[in-house]
Structure formats: structure tokens, C-alpha cells
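Novice: Just so it is clear, I am handing over coords-v4.cif, which has mmCIF, C-alpha atoms and all ligand atoms.
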```
data_data
loop_
_atom_site.label_atom_id
_atom_site.label_comp_id
_atom_site.auth_asym_id
_atom_site.auth_seq_id
_atom_site.Cartn_x
_atom_site.Cartn_y
_atom_site.Cartn_z
CA MET S 19 -18.06 -5.30 -16.62
CA THR S 20 -14.70 -6.15 -18.12
CA ILE S 21 -13.80 -9.24 -16.08
CA SER S 22 -13.56 -11.80 -18.81
CA HIS S 23 -13.24 -15.57 -19.05
CA ASP S 24 -12.10 -15.34 -22.65
CA LEU S 25 -8.73 -17.07 -22.93
CA SER S 26 -7.50 -14.40 -25.35
CA ALA S 27 -7.77 -11.75 -22.60
CA PRO S 28 -4.63 -11.14 -20.53
CA LEU S 29 -4.67 -12.80 -17.09
CA ILE S 30 -3.80 -10.76 -14.02
CA VAL S 31 -3.06 -12.68 -10.85
CA VAL S 32 -3.89 -10.50 -7.85
CA VAL S 33 -2.21 -11.34 -4.56
CA GLY S 34 -4.16 -9.94 -1.60
CA ALA S 35 -7.37 -9.82 -3.66
CA THR S 36 -9.52 -9.74 -0.51
CA GLY S 37 -7.48 -6.85 0.91
CA THR S 38 -7.24 -3.10 0.41
CA GLN S 39 -4.59 -2.89 -2.30
CA GLY S 40 -5.52 -6.08 -4.18
CA GLY S 41 -9.22 -5.24 -4.02
CA SER S 42 -8.43 -1.86 -5.52
CA VAL S 43 -6.48 -3.51 -8.34
CA ILE S 44 -9.51 -5.62 -9.23
CA ASN S 45 -11.91 -2.64 -9.11
CA ASN S 46 -9.68 -0.39 -11.19
CA LEU S 47 -9.02 -3.00 -13.89
CA ASP S 48 -12.72 -3.83 -13.88
CA ALA S 49 -13.35 -0.14 -14.67
CA SER S 50 -11.11 -0.33 -17.74
CA ASP S 51 -12.56 -0.66 -21.22
CA LYS S 52 -9.98 -3.38 -21.85
CA GLN S 53 -10.83 -7.00 -21.08
CA TYR S 54 -8.93 -8.86 -18.35
CA ARG S 55 -9.18 -12.29 -16.86
CA MET S 56 -8.59 -12.06 -13.12
CA ARG S 57 -7.37 -14.63 -10.64
CA GLY S 58 -7.53 -13.59 -6.99
CA LEU S 59 -5.51 -15.24 -4.24
CA THR S 60 -6.70 -15.76 -0.67
CA ARG S 61 -5.89 -18.21 2.09
CA ASP S 62 -9.60 -18.86 2.55
CA ILE S 63 -11.89 -19.04 -0.46
CA SER S 64 -14.92 -19.64 1.80
CA LYS S 65 -14.77 -16.15 3.34
CA THR S 66 -17.45 -13.64 2.33
CA SER S 67 -15.07 -11.22 0.59
CA ALA S 68 -13.68 -14.08 -1.53
CA LYS S 69 -17.18 -15.29 -2.43
CA LYS S 70 -18.21 -11.77 -3.46
CA LEU S 71 -15.21 -11.57 -5.82
CA ALA S 72 -16.09 -14.98 -7.28
CA GLU S 73 -19.62 -13.66 -7.96
CA ARG S 74 -17.94 -10.87 -9.96
CA ARG S 75 -16.23 -13.48 -12.19
CA VAL S 76 -12.84 -13.31 -10.45
CA GLU S 77 -11.35 -16.83 -10.36
CA MET S 78 -10.67 -17.16 -6.64
CA VAL S 79 -7.98 -19.67 -5.66
CA SER S 80 -6.59 -20.59 -2.28
CA CYS S 81 -2.91 -20.09 -1.66
CA ASP S 82 -0.91 -19.44 1.49
CA ILE S 83 2.18 -17.59 0.33
CA ARG S 84 4.89 -18.78 2.65
CA VAL S 85 8.22 -20.53 2.58
CA GLY S 86 7.58 -24.22 1.88
CA GLU S 87 4.64 -23.45 -0.43
CA GLU S 88 6.78 -22.59 -3.50
CA GLU S 89 5.12 -25.19 -5.76
CA ARG S 90 1.63 -24.01 -4.88
CA VAL S 91 2.57 -20.37 -5.56
CA GLN S 92 4.00 -21.34 -8.96
CA LYS S 93 0.82 -23.25 -9.72
CA VAL S 94 -1.48 -20.30 -8.97
CA PHE S 95 0.81 -17.90 -10.88
CA GLN S 96 0.74 -20.20 -13.94
CA GLY S 97 -0.56 -18.52 -17.08
CA ALA S 98 -0.31 -15.00 -15.67
CA THR S 99 0.33 -12.14 -18.06
CA TYR S 100 0.60 -9.75 -15.12
CA ILE S 101 1.07 -10.37 -11.42
CA PHE S 102 0.26 -7.82 -8.74
CA ALA S 103 2.09 -8.83 -5.56
CA VAL S 104 1.78 -7.44 -2.06
CA THR S 105 2.87 -8.67 1.37
CA ASN S 106 1.16 -7.89 4.65
CA TYR S 107 4.00 -6.95 7.01
CA TRP S 108 1.64 -5.95 9.81
CA GLU S 109 0.25 -9.44 10.15
CA HIS S 110 3.58 -10.73 11.50
CA VAL S 111 5.99 -7.73 11.81
CA ASP S 112 8.87 -9.94 10.70
CA LYS S 113 11.30 -8.35 8.24
CA ALA S 114 13.00 -11.63 7.25
CA ARG S 115 9.62 -13.23 6.55
CA GLU S 116 8.44 -10.33 4.39
CA ILE S 117 11.67 -10.51 2.35
CA ALA S 118 11.46 -14.31 2.01
CA GLU S 119 7.82 -14.22 0.88
CA GLY S 120 8.50 -11.38 -1.56
CA LYS S 121 11.48 -13.22 -3.07
CA LEU S 122 9.45 -16.42 -3.27
CA MET S 123 6.86 -14.58 -5.39
CA VAL S 124 9.60 -13.13 -7.63
CA ASP S 125 11.04 -16.62 -8.16
CA ALA S 126 7.61 -18.06 -8.96
CA ALA S 127 6.87 -15.16 -11.35
CA LYS S 128 10.14 -15.83 -13.15
CA THR S 129 9.45 -19.56 -13.38
CA VAL S 130 6.04 -19.04 -14.98
CA GLY S 131 7.44 -16.40 -17.37
CA VAL S 132 5.19 -13.50 -16.39
CA GLU S 133 5.21 -10.50 -18.73
CA LEU S 134 5.17 -7.92 -15.95
CA PHE S 135 5.57 -8.24 -12.18
CA ILE S 136 4.01 -5.31 -10.34
CA TRP S 137 5.34 -5.12 -6.82
CA SER S 138 3.79 -3.10 -4.00
CA SER S 139 6.98 -1.62 -2.69
CA GLU S 140 8.49 1.26 -0.77
CA PRO S 141 11.83 3.06 -0.97
CA SER S 142 14.77 1.88 1.12
CA VAL S 143 14.80 4.31 4.04
CA THR S 144 18.36 3.25 4.88
CA LYS S 145 19.51 4.35 1.43
CA ALA S 146 17.31 7.44 1.16
CA SER S 147 18.56 8.66 4.54
CA LYS S 148 22.18 7.87 3.62
CA GLY S 149 22.40 5.41 6.48
CA THR S 150 21.07 7.72 9.19
CA VAL S 151 17.68 5.96 9.58
CA THR S 152 18.19 2.21 9.49
CA LYS S 153 15.38 0.49 11.35
CA VAL S 154 12.36 1.01 9.06
CA SER S 155 12.06 -2.70 8.42
CA HIS S 156 8.74 -2.64 6.54
CA PHE S 157 10.13 -0.23 3.92
CA ASP S 158 13.66 -1.66 3.65
CA SER S 159 12.30 -5.20 3.29
CA LYS S 160 10.04 -4.23 0.38
CA ALA S 161 12.94 -2.36 -1.26
CA GLU S 162 15.14 -5.43 -0.89
CA VAL S 163 12.56 -7.50 -2.80
CA SER S 164 12.51 -4.79 -5.52
CA GLU S 165 16.27 -5.11 -5.93
CA TYR S 166 16.00 -8.88 -6.01
CA ALA S 167 13.35 -8.72 -8.75
CA ARG S 168 15.59 -6.48 -10.86
CA SER S 169 18.57 -8.77 -10.40
CA ALA S 170 16.40 -11.79 -11.31
CA GLY S 171 15.93 -10.26 -14.75
CA ILE S 172 12.14 -10.21 -14.79
CA ARG S 173 10.14 -7.23 -16.08
CA VAL S 174 9.11 -5.31 -13.01
CA VAL S 175 7.40 -2.11 -11.95
CA ASP S 176 7.43 -0.97 -8.33
CA VAL S 177 4.38 0.83 -7.05
CA HIS S 178 5.37 2.94 -4.03
CA VAL S 179 2.11 3.23 -2.12
CA GLY S 180 1.74 6.44 -0.10
CA GLY S 181 0.35 6.74 3.42
CA TYR S 182 -3.20 5.43 3.60
CA MET S 183 -5.74 8.22 4.09
CA ASN S 184 -7.94 5.74 5.91
CA ASN S 185 -5.28 5.34 8.63
CA PHE S 186 -7.26 8.21 10.20
CA THR S 187 -10.08 5.75 10.91
CA THR S 188 -7.74 3.12 12.32
CA PHE S 189 -4.38 3.47 14.04
CA SER S 190 -4.02 7.24 13.47
CA LYS S 191 -7.57 8.03 14.50
CA PRO S 192 -8.13 11.29 16.37
CA ARG S 193 -8.29 10.74 20.16
CA PRO S 194 -10.44 12.79 22.54
CA ALA S 195 -8.39 15.62 24.09
CA GLY S 196 -10.75 15.95 27.06
CA ASP S 197 -12.15 19.39 26.17
CA GLY S 198 -14.47 18.34 23.36
CA SER S 199 -11.71 18.56 20.76
CA TYR S 200 -9.64 15.72 19.31
CA MET S 201 -5.92 15.21 18.96
CA ILE S 202 -3.49 13.39 16.70
CA ALA S 203 -0.07 13.03 18.26
CA SER S 204 3.20 12.06 16.61
CA THR S 205 6.79 13.21 16.19
CA TRP S 206 6.43 14.86 12.76
CA ASN S 207 7.18 18.51 12.28
CA PRO S 208 3.76 20.13 11.57
CA THR S 209 5.03 21.37 8.20
CA ALA S 210 6.15 17.87 7.06
CA ARG S 211 4.38 16.82 3.87
CA MET S 212 3.57 13.28 2.86
CA PRO S 213 1.99 11.55 -0.12
CA LEU S 214 -1.46 10.29 0.87
CA ILE S 215 -3.73 7.88 -0.97
CA ASP S 216 -7.33 6.72 -0.63
CA THR S 217 -5.99 3.22 -1.03
CA PHE S 218 -9.06 1.09 -1.71
CA HIS S 219 -10.29 3.61 -4.26
CA ASP S 220 -7.00 4.46 -5.93
CA ALA S 221 -4.08 2.03 -5.41
CA GLY S 222 -5.29 -0.03 -8.36
CA LEU S 223 -5.40 3.06 -10.54
CA PHE S 224 -1.59 3.09 -10.48
CA VAL S 225 -1.41 -0.65 -11.14
CA ARG S 226 -3.68 -0.10 -14.11
CA GLN S 227 -1.24 2.59 -15.27
CA ALA S 228 1.63 0.10 -14.95
CA ILE S 229 -0.26 -2.30 -17.21
CA GLU S 230 -1.87 0.03 -19.72
CA SER S 231 0.74 2.75 -20.17
CA GLU S 232 3.57 1.94 -22.57
CA GLU S 233 5.91 4.02 -20.45
CA PHE S 234 5.63 1.55 -17.61
CA ASN S 235 4.64 -1.77 -19.14
CA SER S 236 7.98 -2.11 -20.86
CA GLY S 237 8.98 -3.33 -17.40
CA ASP S 238 12.41 -1.78 -17.23
CA GLY S 239 12.36 -1.45 -13.49
CA ARG S 240 10.46 1.80 -13.19
CA VAL S 241 8.81 3.14 -10.08
CA ILE S 242 5.31 4.57 -9.87
CA GLY S 243 4.48 6.92 -7.01
CA ALA S 244 0.93 6.06 -5.90
CA TYR S 245 -0.70 8.98 -4.08
CA GLY S 246 -3.60 11.36 -4.38
CA GLU S 247 -1.69 14.38 -3.17
CA TRP S 248 1.07 15.55 -0.84
CA VAL S 249 -0.42 17.17 2.25
CA SER S 250 1.35 18.72 5.24
CA ILE S 251 0.40 17.66 8.77
CA GLU S 252 -1.07 21.09 9.55
CA ASP S 253 -3.16 21.05 6.38
CA GLN S 254 -4.31 17.51 7.18
CA MET S 255 -5.68 18.78 10.52
CA GLU S 256 -7.45 21.70 8.86
CA ILE S 257 -9.05 19.50 6.18
CA LEU S 258 -10.07 16.85 8.73
CA THR S 259 -11.60 19.51 10.99
CA GLU S 260 -13.60 21.02 8.17
CA ALA S 261 -14.85 17.71 6.79
CA THR S 262 -15.78 16.08 10.10
CA GLY S 263 -17.07 19.12 11.98
CA LYS S 264 -14.84 18.11 14.94
CA ARG S 265 -11.97 20.28 16.14
CA ILE S 266 -8.83 18.24 15.48
CA ARG S 267 -5.41 19.45 16.60
CA TYR S 268 -1.91 18.08 16.14
CA LEU S 269 0.40 17.54 19.10
CA GLN S 270 4.10 17.14 18.32
CA LEU S 271 5.79 14.69 20.69
CA THR S 272 9.45 13.87 21.25
CA ASP S 273 10.71 10.44 20.19
CA GLU S 274 10.85 9.46 23.86
CA GLN S 275 7.22 10.47 24.54
CA MET S 276 6.04 8.69 21.40
CA ALA S 277 8.01 5.55 22.24
CA ALA S 278 6.58 5.49 25.78
CA GLY S 279 3.02 5.67 24.38
CA MET S 280 3.66 2.86 21.90
CA LYS S 281 5.25 0.73 24.61
CA GLU S 282 2.19 1.24 26.80
CA GLU S 283 0.05 -0.03 23.90
CA GLY S 284 2.17 -3.20 23.90
CA MET S 285 4.25 -2.67 20.75
CA PRO S 286 7.47 -4.67 20.57
CA GLN S 287 10.68 -2.59 20.55
CA HIS S 288 11.56 -3.35 16.92
CA VAL S 289 8.13 -2.08 15.82
CA ILE S 290 8.56 1.09 17.93
CA ASP S 291 11.96 1.67 16.26
CA ASP S 292 10.41 0.99 12.84
CA MET S 293 7.60 3.53 13.44
CA LEU S 294 9.87 6.24 14.88
CA GLY S 295 12.24 5.80 11.93
CA MET S 296 9.33 6.03 9.50
CA PHE S 297 8.17 9.29 11.12
CA ARG S 298 11.71 10.71 10.74
CA PHE S 299 11.63 9.59 7.09
CA HIS S 300 8.26 11.36 6.64
CA ASP S 301 9.81 14.49 8.11
CA GLY S 302 11.54 15.71 4.94
CA ILE S 303 13.67 12.79 3.70
CA TRP S 304 10.71 11.28 1.81
CA GLU S 305 9.96 14.47 -0.09
CA ASP S 306 13.66 15.17 -0.79
CA THR S 307 14.25 11.72 -2.30
CA TYR S 308 10.86 11.02 -3.90
CA LEU S 309 10.80 9.99 -7.55
CA HIS S 310 7.85 11.75 -9.17
CA SER S 311 6.42 9.42 -11.80
CA ASN S 312 4.38 10.62 -14.75
CA ARG S 313 0.71 11.05 -13.78
CA GLY S 314 -0.36 12.08 -17.28
CA THR S 315 -1.33 8.53 -18.26
CA LEU S 316 -3.54 7.77 -15.25
CA ALA S 317 -7.03 6.69 -16.34
CA ARG S 318 -8.59 9.29 -14.02
CA ALA S 319 -7.60 11.63 -11.20
CA PRO S 320 -7.05 9.97 -7.81
CA ARG S 321 -8.91 11.40 -4.82
CA THR S 322 -7.55 14.40 -2.94
CA PHE S 323 -7.40 14.29 0.85
CA LYS S 324 -10.37 16.69 1.02
CA GLU S 325 -12.44 14.44 -1.26
CA TYR S 326 -11.52 11.40 0.83
CA CYS S 327 -12.44 13.17 4.10
CA GLU S 328 -15.78 14.28 2.72
CA LEU S 329 -16.65 10.75 1.55
CA GLU S 330 -15.36 8.78 4.57
CA HIS S 331 -17.87 7.43 7.12
CA TRP S 332 -16.64 8.94 10.36
CA ASP S 333 -19.35 7.36 12.57
CA GLY S 334 -17.64 5.31 15.24
CA VAL S 335 -14.27 7.05 14.79
CA PHE S 336 -14.94 9.89 17.25
CA THR S 337 -15.54 7.93 20.45
N1 LIG D 1 -1.04 1.60 6.19
C1 LIG D 1 -0.32 2.34 5.33
O1 LIG D 1 -0.31 3.59 5.41
C2 LIG D 1 0.50 1.65 4.27
C3 LIG D 1 1.09 2.45 3.28
C4 LIG D 1 1.82 1.83 2.27
C5 LIG D 1 2.00 0.45 2.27
N2 LIG D 1 1.43 -0.29 3.26
C6 LIG D 1 1.66 -1.76 3.21
O2 LIG D 1 0.49 -2.39 2.77
C7 LIG D 1 0.64 -3.80 3.05
C8 LIG D 1 -0.71 -4.39 3.36
O3 LIG D 1 -1.55 -4.29 2.21
P1 LIG D 1 -3.12 -4.13 2.36
O4 LIG D 1 -3.41 -2.85 3.09
O5 LIG D 1 -3.74 -4.36 1.06
O6 LIG D 1 -3.47 -5.31 3.38
P2 LIG D 1 -4.88 -5.85 3.90
O7 LIG D 1 -6.00 -4.99 3.46
O8 LIG D 1 -4.72 -6.11 5.36
O9 LIG D 1 -5.00 -7.25 3.16
C9 LIG D 1 -3.98 -8.20 3.23
C10 LIG D 1 -4.18 -9.14 2.07
O10 LIG D 1 -3.04 -10.01 1.99
C11 LIG D 1 -3.49 -11.36 1.93
N3 LIG D 1 -2.49 -12.19 2.59
C12 LIG D 1 -1.85 -11.92 3.76
N4 LIG D 1 -0.99 -12.91 4.03
C13 LIG D 1 -1.08 -13.82 3.03
C14 LIG D 1 -0.45 -15.07 2.77
N5 LIG D 1 0.46 -15.60 3.61
N6 LIG D 1 -0.77 -15.74 1.63
C15 LIG D 1 -1.72 -15.23 0.79
N7 LIG D 1 -2.34 -14.05 0.99
C16 LIG D 1 -2.04 -13.36 2.11
C17 LIG D 1 -4.84 -11.36 2.64
O11 LIG D 1 -5.61 -12.42 2.11
P3 LIG D 1 -6.52 -13.44 2.98
O12 LIG D 1 -6.58 -12.89 4.39
O13 LIG D 1 -7.85 -13.43 2.30
O14 LIG D 1 -5.81 -14.73 2.90
C18 LIG D 1 -5.41 -10.00 2.23
O15 LIG D 1 -6.05 -10.09 0.96
C19 LIG D 1 1.61 -3.90 4.22
O16 LIG D 1 2.76 -4.64 3.86
C20 LIG D 1 1.96 -2.43 4.54
O17 LIG D 1 3.31 -2.25 4.93
C21 LIG D 1 0.66 0.27 4.23
#
```
Step by step, read the file and then write its structure as C-alpha cells.
Ligand SMILES: NC(=O)c1ccc[n+]([C@@H]2O[C@H](COP(=O)([O-])OP(=O)(O)OC[C@H]3O[C@@H](n4cnc5c(N)ncnc54)[C@H](OP(=O)(O)O)[C@@H]3O)[C@@H](O)[C@H]2O)c1
Specialist:
Amino acid sequence: MTISHDLSAPLIVVVGATGTQGGSVINNLDASDKQYRMRGLTRDISKTSAKKLAERRVEMVSCDIRVGEEERVQKVFQGATYIFAVTNYWEHVDKAREIAEGKLMVDAAKTVGVELFIWSSEPSVTKASKGTVTKVSHFDSKAEVSEYARSAGIRVVDVHVGGYMNNFTTFSKPRPAGDGSYMIASTWNPTARMPLIDTFHDAGLFVRQAIESEEFNSGDGRVIGAYGEWVSIEDQMEILTEATGKRIRYLQLTDEQMAAGMKEEGMPQHVIDDMLGMFRFHDGIWEDTYLHSNRGTLARAPRTFKEYCELEHWDGVFT
């Protein structure tokens, strides 16, 4: 137990404390031998996940991070040594809103004089693709906030969070193929490799590195790549098959076939464009442009995809 109430301990303010990334930040700092005070933000302190964090000595405070709530955000950031900030694009799928809320947090962090602002970011796909893939809003928006933070003159580290391994239990879950096997369909080339992370277990490990490693906590605008390992699509299928005991195959679709499927599921056009662009980015551009950060100062090894698959609860996924 390292969550402290001692005023001499540094205070980390964790945005999204009740969520996957923020929850991981709390768990990974709690595992440190250093003492931290922790303040967790939620829009609803009465919810069970918030109450459980309060029982663990996290100071839970209510805050709705949105335009118009600038004073409240400053108030809950007050006294922070470190701030971990994340936005939840998928709750509203609005690029302008994600940028505005990210910038609002940067402004508040600057006002309260935080020592280090740790931003859950992604690379600009528009820049990485040299302007050939321009509609990946949920990456470009996060990258725009990163640039804004640097120009604001605050000490900042970007944590580029890889693809969530647990997407395989949610929106990328294997679908029945009709012959007893299961299928994952997308537009990636089967040999495309991507950085994957067991997010709830490991995202906070990289935030801990940002705080505890001198290389990163100088806050000179560095980027940490947060992933367990890079795994190709074909290897993902093999590992999933072995761990789950279900035969799982990959089906490569054209952009048109993929778009038709997403439309049928009711996705708005800008989200379809965003997803198709992200798949193109995954298909080589990501690996070609990726900045490999030093992993030597991580407090422990993050999980591999195989370890994740063996530990995941697959009941209910194969329906
Ligand atoms: N899926 C992937 O493969 C992947 C990969 C990399 C990055 N990402 C990014 O990860 C982000 C989501 O992070 P996550 O997975 O940690 O989300 P999550 O598990 O869904 O949790 C979202 C958290 O954000 C908080 N929150 C949302 N809106 C808020 C607001 N207006 N004010 C205050 N708190 C708010 C929620 O708190 P309360 O509900 O308690 O208020 C909750 O704690 C997205 O932006 C996505 O683009 C996803």
C-alpha cells in the first residue's frame, strides 16, 4: 500500500480514474515503493468503481471535464505534482470536442503549475502518412493537444497507448463463421504488425516510468510508446486460437466491404472514415514511423499477447 495522505508525498491527479487507463495508473503507482497521494476524477463519485477507489485511499472528486467547467477543472488540478490526462473520444466521437477538452486540461495544468503533465496521446496520422491518410480524427485530435501542450511551455510527456488487447473481447471479438470456427475480419494485410497492450494491467506502468525515470520526468516533450509487444495479425490469430481452444481465422476485406459492414452496424460516416484510415495506418505506416522509447527503466515487464490471452476470461465472448 503506497497510497498516502502525507502532504509531503507528491500528488498525482488521475483523470479517468474509474476507467481502463486511469485505473491502471492508480494500480501501477500503488505498486511502487514510492509514496504518492492520489486524487481520482469522475463525473459521479457515488458509482461503485469510484467508491472502491475511495476505500483504497484515493481522494475521489467529481468533475465533468468540458468547456464551461474551466474553473472546476483548475480547482481539482490544484496542488498536483503530476497530472495524468485522458479523453474518451468514443463517448462522443467529436474531434473538436476532444481537442477542446484536451486543451482545457493543458490550460488548467499550466495555471496550477504542475510539474509534469502526462498526456494519453497518439501520433498524428496525417503527419505520419505525409498527408495521405487524413481522417483518423481520434489520433490527430490527441496529437493536436500534444502540440498545444508543448507550445504552452509546460513539462509534458506523451504516452502513445497501443491497441488494446482486450478489444478482442469487445468490438474486435471473434464472430462465428458458421462452421464451428470463428472469424475476425478487417482490411489489414495479415502480415501487418501493431503494438498491443493489456491496458488495464500495463498502461499505468508507462505512466509510472514517466514519473519515476529521470529520462522522462525532465518533461522535455518526450514520447513513451506503451505496448506489451508488436504482433502481426496472423500471429494474433495463432495465439488466440491456442489460448482459447477455438479455431480463429482472419478474413481480409476490401475498404468497401468493411465500410458496408460498419454502415450496417449504424456507424456514422466520419467514424467509418476514421476506422478505415486507422486500419491503413496500422498497415505499415505505424511501424515505419514509430518512436521506440527506452523500455529499460520500466518497473517490470508488460504482458505479452500470449500472456494476456491465457489470463483473459473468454466466457461469453464466443457466442
Ligand atoms: N481501444 C483502443 O484500442 C485504444 C487504444 C489507444 C487509445 N485509446 C483511447 O483511449 C481513450 C479512452 O480511455 P479508456 O479506455 O481509459 O476509457 P474508459 O475505460 O471508457 O474510461 C473513460 C474514463 O474517462 C472518464 N471521463 C469520460 N468523460 C469525462 C468527462 N467529461 N469528465 C471527466 N471524466 C470523464 C470516465 O469517468 P466517469 O465515467 O467515472 O465520469 C472514465 O473514468 C479513448 O480516447 C481512445 O481513443 C483506445
Novice: All residues within 6 Å of ligand LIG 1 (chain D) are required, counting all atoms listed in the file; please report them as an MDAnalysis selection string.
Specialist: chainID S and resid 34:40 60:62 81:84 105:108 156 179:182
Novice: Print the selection's residues with C-alpha atoms to a file, as a PDB file, keeping the file's coordinate frame.
Specialist:
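Result written to out_6.pdb:
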```pdb
ATOM      1  CA  GLY S  34      -4.160  -9.940  -1.600  1.00  0.00           C
ATOM      2  CA  ALA S  35      -7.370  -9.820  -3.660  1.00  0.00           C
ATOM      3  CA  THR S  36      -9.520  -9.740  -0.510  1.00  0.00           C
ATOM      4  CA  GLY S  37      -7.480  -6.850   0.910  1.00  0.00           C
ATOM      5  CA  THR S  38      -7.240  -3.100   0.410  1.00  0.00           C
ATOM      6  CA  GLN S  39      -4.590  -2.890  -2.300  1.00  0.00           C
ATOM      7  CA  GLY S  40      -5.520  -6.080  -4.180  1.00  0.00           C
ATOM      8  CA  THR S  60      -6.700 -15.760  -0.670  1.00  0.00           C
ATOM      9  CA  ARG S  61      -5.890 -18.210   2.090  1.00  0.00           C
ATOM     10  CA  ASP S  62      -9.600 -18.860   2.550  1.00  0.00           C
ATOM     11  CA  CYS S  81      -2.910 -20.090  -1.660  1.00  0.00           C
ATOM     12  CA  ASP S  82      -0.910 -19.440   1.490  1.00  0.00           C
ATOM     13  CA  ILE S  83       2.180 -17.590   0.330  1.00  0.00           C
ATOM     14  CA  ARG S  84       4.890 -18.780   2.650  1.00  0.00           C
ATOM     15  CA  THR S 105       2.870  -8.670   1.370  1.00  0.00           C
ATOM     16  CA  ASN S 106       1.160  -7.890   4.650  1.00  0.00           C
ATOM     17  CA  TYR S 107       4.000  -6.950   7.010  1.00  0.00           C
ATOM     18  CA  TRP S 108       1.640  -5.950   9.810  1.00  0.00           C
ATOM     19  CA  HIS S 156       8.740  -2.640   6.540  1.00  0.00           C
ATOM     20  CA  VAL S 179       2.110   3.230  -2.120  1.00  0.00           C
ATOM     21  CA  GLY S 180       1.740   6.440  -0.100  1.00  0.00           C
ATOM     22  CA  GLY S 181       0.350   6.740   3.420  1.00  0.00           C
ATOM     23  CA  TYR S 182      -3.200   5.430   3.600  1.00  0.00           C
TER      24      TYR S 182
END
```
Novice: So, with only C-alpha atoms as the atoms that count, which of S:Glu88, S:Glu325, S:Glu133, S:Asp197 lies closest to Lys121 (chain S)?
Specialist: S:Glu88
Novice: Of the candidates S:Arg115, S:Arg75, S:Arg298, S:Lys93, which one gets nearest to Asp48 (chain S) if we count all atoms listed in the file?
Specialist: S:Arg75
Novice: Which of these residues is nearest to Arg193 (chain S), using only C-alpha atoms: S:Arg321, S:Lys69, S:Arg265, S:His178?
Specialist: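 Once distances to Arg193 (chain S) are computed over only C-alpha atoms, the minimum belongs to S:Arg265.
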Novice: What is the CA of Ala72 (chain S)-CA of Asn45 (chain S) distance in Å, reported with one decimal?
Specialist: 13.2 Å
Novice: Contacts of Glu116 (chain S) at 7 Å or less, counting all atoms listed in the file, minus same-chain residues fewer than 3 places along, as a list in words?
Specialist: Thr105, Tyr107, Asp112, Lys113, Glu119, Gly120 and Ser159 of chain S
Novice: Provide the CA of Met201 (chain S) to CA of Thr322 (chain S) distance in Å, to one decimal place.
Specialist: 22.0 Å
Novice: Counting all atoms listed in the file, what is within 12 Å of Ser250 (chain S), bar same-chain residues fewer than 4 positions away, as a list in words?
Specialist: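 Non-adjacent residues within range: Trp206, Asn207, Pro208, Thr209, Ala210, Arg211, Met212, Pro213, Leu214, Gln254, Met255, Glu256, Ile257, Tyr268, His300, Asp301, Gly302, Glu305 and Phe323 of chain S.
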Novice: Between CA of Gly334 (chain S) and CA of Ile251 (chain S), what is the distance in Å, rounded to a tenth?
Specialist: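 Answer for the CA of Gly334 (chain S) to CA of Ile251 (chain S) separation: 22.8 Å.
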Novice: At a cut-off of 8 Å, using only C-alpha atoms, what residues contact region 271-279 of chain S? Leave out same-chain residues fewer than 3 positions from it and give the result as a PyMOL selection string.
Specialist: chain S and resi 203-206+282-283+290+294
Novice: Show which residues sit within 7 Å of Leu134 (chain S), as a ChimeraX atom specification. Count only C-alpha atoms, and ignore same-chain residues fewer than 6 positions away.
Specialist: /S:99-101,173-174,235,237
Novice: Got a sec: who's within 12 Å of Ala167 (chain S), counting all atoms listed in the file, leaving out chain neighbours fewer than 5 positions off, as a VMD selection string?
Specialist: chain S and resid 103 117 120 to 128 134 to 137 139 160 to 162 172 to 176 237 to 240
Novice: Compare S:Lys153, S:Lys148, S:Lys281, S:His219 by their minimum atom-to-atom distance to Arg318 (chain S), counting only C-alpha atoms, and give me the closest one.
Specialist: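 Of all the options, S:His219 lies closest to Arg318 (chain S).
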Novice: With distances taken over all atoms listed in the file, which residue among S:Gly263, S:Val85, S:Ser42, S:Val335 lies nearest Ser190 (chain S)?
Specialist: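 Comparing S:Gly263, S:Val85, S:Ser42, S:Val335 against Ser190 (chain S), the winner is S:Val335.
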Novice: Name the closest residue to Ala244 (chain S) among the candidates S:Val289, S:Asn312, S:Gly198, S:Gly284; distances are taken between atoms, counting only C-alpha atoms.
Specialist: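 Answer, going by the shortest atom-to-atom distance: S:Asn312.
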Novice: Around the point (-8.1, -12.4, -13.7), in the coordinates given by the file, pick out the residues reaching within 9 Å, counting only C-alpha atoms, and return them as a PDB file with C-alpha atoms, in the frame of the given file.
Specialist:
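So result.pdb came out as:
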```pdb
ATOM      1  CA  ILE S  21     -13.800  -9.240 -16.080  1.00  0.00           C
ATOM      2  CA  SER S  22     -13.560 -11.800 -18.810  1.00  0.00           C
ATOM      3  CA  HIS S  23     -13.240 -15.570 -19.050  1.00  0.00           C
ATOM      4  CA  ALA S  27      -7.770 -11.750 -22.600  1.00  0.00           C
ATOM      5  CA  PRO S  28      -4.630 -11.140 -20.530  1.00  0.00           C
ATOM      6  CA  LEU S  29      -4.670 -12.800 -17.090  1.00  0.00           C
ATOM      7  CA  ILE S  30      -3.800 -10.760 -14.020  1.00  0.00           C
ATOM      8  CA  VAL S  31      -3.060 -12.680 -10.850  1.00  0.00           C
ATOM      9  CA  VAL S  32      -3.890 -10.500  -7.850  1.00  0.00           C
ATOM     10  CA  ILE S  44      -9.510  -5.620  -9.230  1.00  0.00           C
ATOM     11  CA  TYR S  54      -8.930  -8.860 -18.350  1.00  0.00           C
ATOM     12  CA  ARG S  55      -9.180 -12.290 -16.860  1.00  0.00           C
ATOM     13  CA  MET S  56      -8.590 -12.060 -13.120  1.00  0.00           C
ATOM     14  CA  ARG S  57      -7.370 -14.630 -10.640  1.00  0.00           C
ATOM     15  CA  GLY S  58      -7.530 -13.590  -6.990  1.00  0.00           C
ATOM     16  CA  ARG S  75     -16.230 -13.480 -12.190  1.00  0.00           C
ATOM     17  CA  VAL S  76     -12.840 -13.310 -10.450  1.00  0.00           C
ATOM     18  CA  GLU S  77     -11.350 -16.830 -10.360  1.00  0.00           C
ATOM     19  CA  MET S  78     -10.670 -17.160  -6.640  1.00  0.00           C
ATOM     20  CA  ALA S  98      -0.310 -15.000 -15.670  1.00  0.00           C
TER      21      ALA S  98
END
```
Novice: Using all atoms of region 157-171 of chain S listed in the file and a margin of 6 Å per side, can you give the axis-aligned box centre and edge lengths in Å to one decimal, as JSON?
Specialist:
```
{"center_x": 14.3, "center_y": -6.0, "center_z": -5.4, "size_x": 20.5, "size_y": 23.6, "size_z": 30.7}
```
